[in-house]
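Data block below; observations after.
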Amino acid sequence: MSESENYLTTLPRFSELGAGAIKPGLDRVTSLLEALGNPHDSLTIIHVGGTNGKGTTSSLISSILTASGYSVGLFTSPHISSVRERFRINGKPIEHDALDRLVEELTPVFDREEPSFFEAVTVAAALYFARAKVDAAVVEVGLGGRLDATNVVSPIATVITQVDMDHMDILGDTLEEIAQEKAGIIKQGVPVVTGATDTALAVIKSAAKRVGSPVHSIDTEVTISNIRETIGGARFDLHTPAEDYTQLALPLAGSHQLSNASLAVRCVELISDSFNVSKSSITKGLSEVREYSGLSSRIDLVRRKPLVILDVSHNTSGIGAALEHITRHLPDKRISVAMSIMKDKDVDGVMQAVAQYDVQLLFVRLAQVRAATPEYLSDVARRYGKESAIIESLDGFVRKYVADASDDEVLVLLGSHLLIEQARHILN
């Protein structure tokens, strides 16, 4: 880890401290940006929030614009292996020396304002993209929306993906409360594209109406047909109010990824006054999303023999969608699911979802204050009729699995970004 990364990780981090790392309000990030000349004001921004799929949707939008020949900044979180992953231009992470110079320049300002880690990287990304003179910046919300550090931006489009129960200790105990926080990124007159449904959609529509922003729901505006899925992706046709797309290829697995692709396509259509994007660019942007955006760890088949799958899903609907896809496409395999869940998740909901599948369940002990203990997870799983085992050493377990597993075995690792980060390090 470089000196600049070391410095950034000394700042209060949500991944380490949970709610204790969050400093409510936008005053600090506003003050930081003002001290730097408000670099974000020079950017043409697409702002992406929601619960599940916001990182993937951000990456798909970035990839489509990149395929159209534009210079595109992409700010996402959390990272898997390096802070550098949060700052991408056309899919390429910021170089080590560029990050070092940026952080060195910003350190006096950070020391004075004492931002959280996320506030600091948000400001650094704005400055980096502004100096690079990107044509567009796709900015993913960190947590919630209304009080998120990214909510200082003035976007040309707002995307709110699906809304689900998540971070209840911060965002609220009901779907309506959580949706209110997510809807807090809606700006006056700026079009909203959303994958939310039912209660959450009603909340979003109400918030948008108050500020005169049109809402485009993919549930009513987009039709997907002729779906041909494999374990690693899908081909499909897509119909929107603007265009018919046929034989689209998406190298991302699961029906939920089709919703993310729909959001990205509809968003790009709605910003056609600012960006000229052809049907062929949309086709290429979807099919080349991993290369053009750097997206990884979404039902990612990282080894074939033996088969190892990594997925960053970390809440009920995300984990449920991943396991539904994997078990449906690998019906004759013996599937082991190694997972860890953070304490602020809906653990009962996750275990209820996992219990539906005929998989061996393993809970990994992580040295992280936010992680639920394997003993607690085992107790909850047992309430839903699911027995489990505990992995004390992920390193030892993964290495032994890779060495000993037979061809009919599959290992799936999911549940937290930290688990995936460690697994990738071991497998590499």
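Going by the structure tokens order, chains are called A, B, ..., each with residues numbered from 1, while ligands are numbered from 1 in the order shown.
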
Long-range neighbours of Leu323 in chain A as a ChimeraX atom specification, 8 Å cut-off, only C-alpha atoms, 4 positions minimum in chain: /A:319,327,354,357

Those in range 14-89 of chain A with strand (DSSP E or B) from DSSP, as an mmCIF file with C-alpha atoms, in the first residue's frame:
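Here's the written file selection-v4.cif:
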data_model
loop_
_atom_site.group_PDB
_atom_site.id
_atom_site.type_symbol
_atom_site.label_atom_id
_atom_site.label_comp_id
_atom_site.auth_asym_id
_atom_site.auth_seq_id
_atom_site.Cartn_x
_atom_site.Cartn_y
_atom_site.Cartn_z
ATOM 1 C CA ILE A 45 -22.376 14.434 -13.721
ATOM 2 C CA ILE A 46 -24.690 11.448 -13.647
ATOM 3 C CA HIS A 47 -25.534 10.687 -10.003
ATOM 4 C CA VAL A 48 -26.371 7.071 -9.131
ATOM 5 C CA GLY A 49 -27.946 5.933 -5.849
ATOM 6 C CA ASN A 52 -28.510 -2.868 -4.919
ATOM 7 C CA VAL A 72 -15.515 9.322 -18.566
ATOM 8 C CA GLY A 73 -14.661 9.545 -14.888
ATOM 9 C CA LEU A 74 -16.153 6.837 -12.687
ATOM 10 C CA PHE A 75 -16.329 7.187 -8.895
ATOM 11 C CA PHE A 87 -11.017 6.855 -9.251
ATOM 12 C CA ARG A 88 -11.281 5.559 -12.819
ATOM 13 C CA ILE A 89 -11.144 7.249 -16.206
#

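By only C-alpha atoms, and with residues fewer than 5 positions from Gly184 in chain A along its chain excluded, the set lying at most 10 Å from it is Gly49, Gly144, Gly145, Arg146, Leu147, Asp148, Asn151, Ala179, Ile204, Ala207 and Ala208 of chain A.
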
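Residue nearest Arg86 in chain A within the list A:Gly55, A:Gly396, A:Gly212, A:Gly50: A:Gly55 [criterion: smallest interatomic distance, only C-alpha atoms].
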
Can you check which residues of range 138-219 of chain A DSSP gives as alpha helix (DSSP H) on the backbone and send them as number ranges by chain? A: 168-171, 175-182, 198-210, 218-219

Compare A:Ile227, A:Ala120, A:Ala130, A:Ile341 by their minimum atom-to-atom distance to Asp41 in chain A, counting only C-alpha atoms, and give me the closest one. A:Ala130

Pairwise distance for CA of Ser59 in chain A and CA of Val215 in chain A, rounded to one decimal in Å: 21.4 Å

Between A:Ile61, A:Ile218, A:Ala372, A:Ile390, which is the closest to Val268 in chain A once you count only C-alpha atoms?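 Using only C-alpha atoms, the shortest distance to Val268 in chain A belongs to A:Ile61.
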
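CA of Glu85 in chain A is positioned 23.5 Å from CA of Pro108 in chain A.
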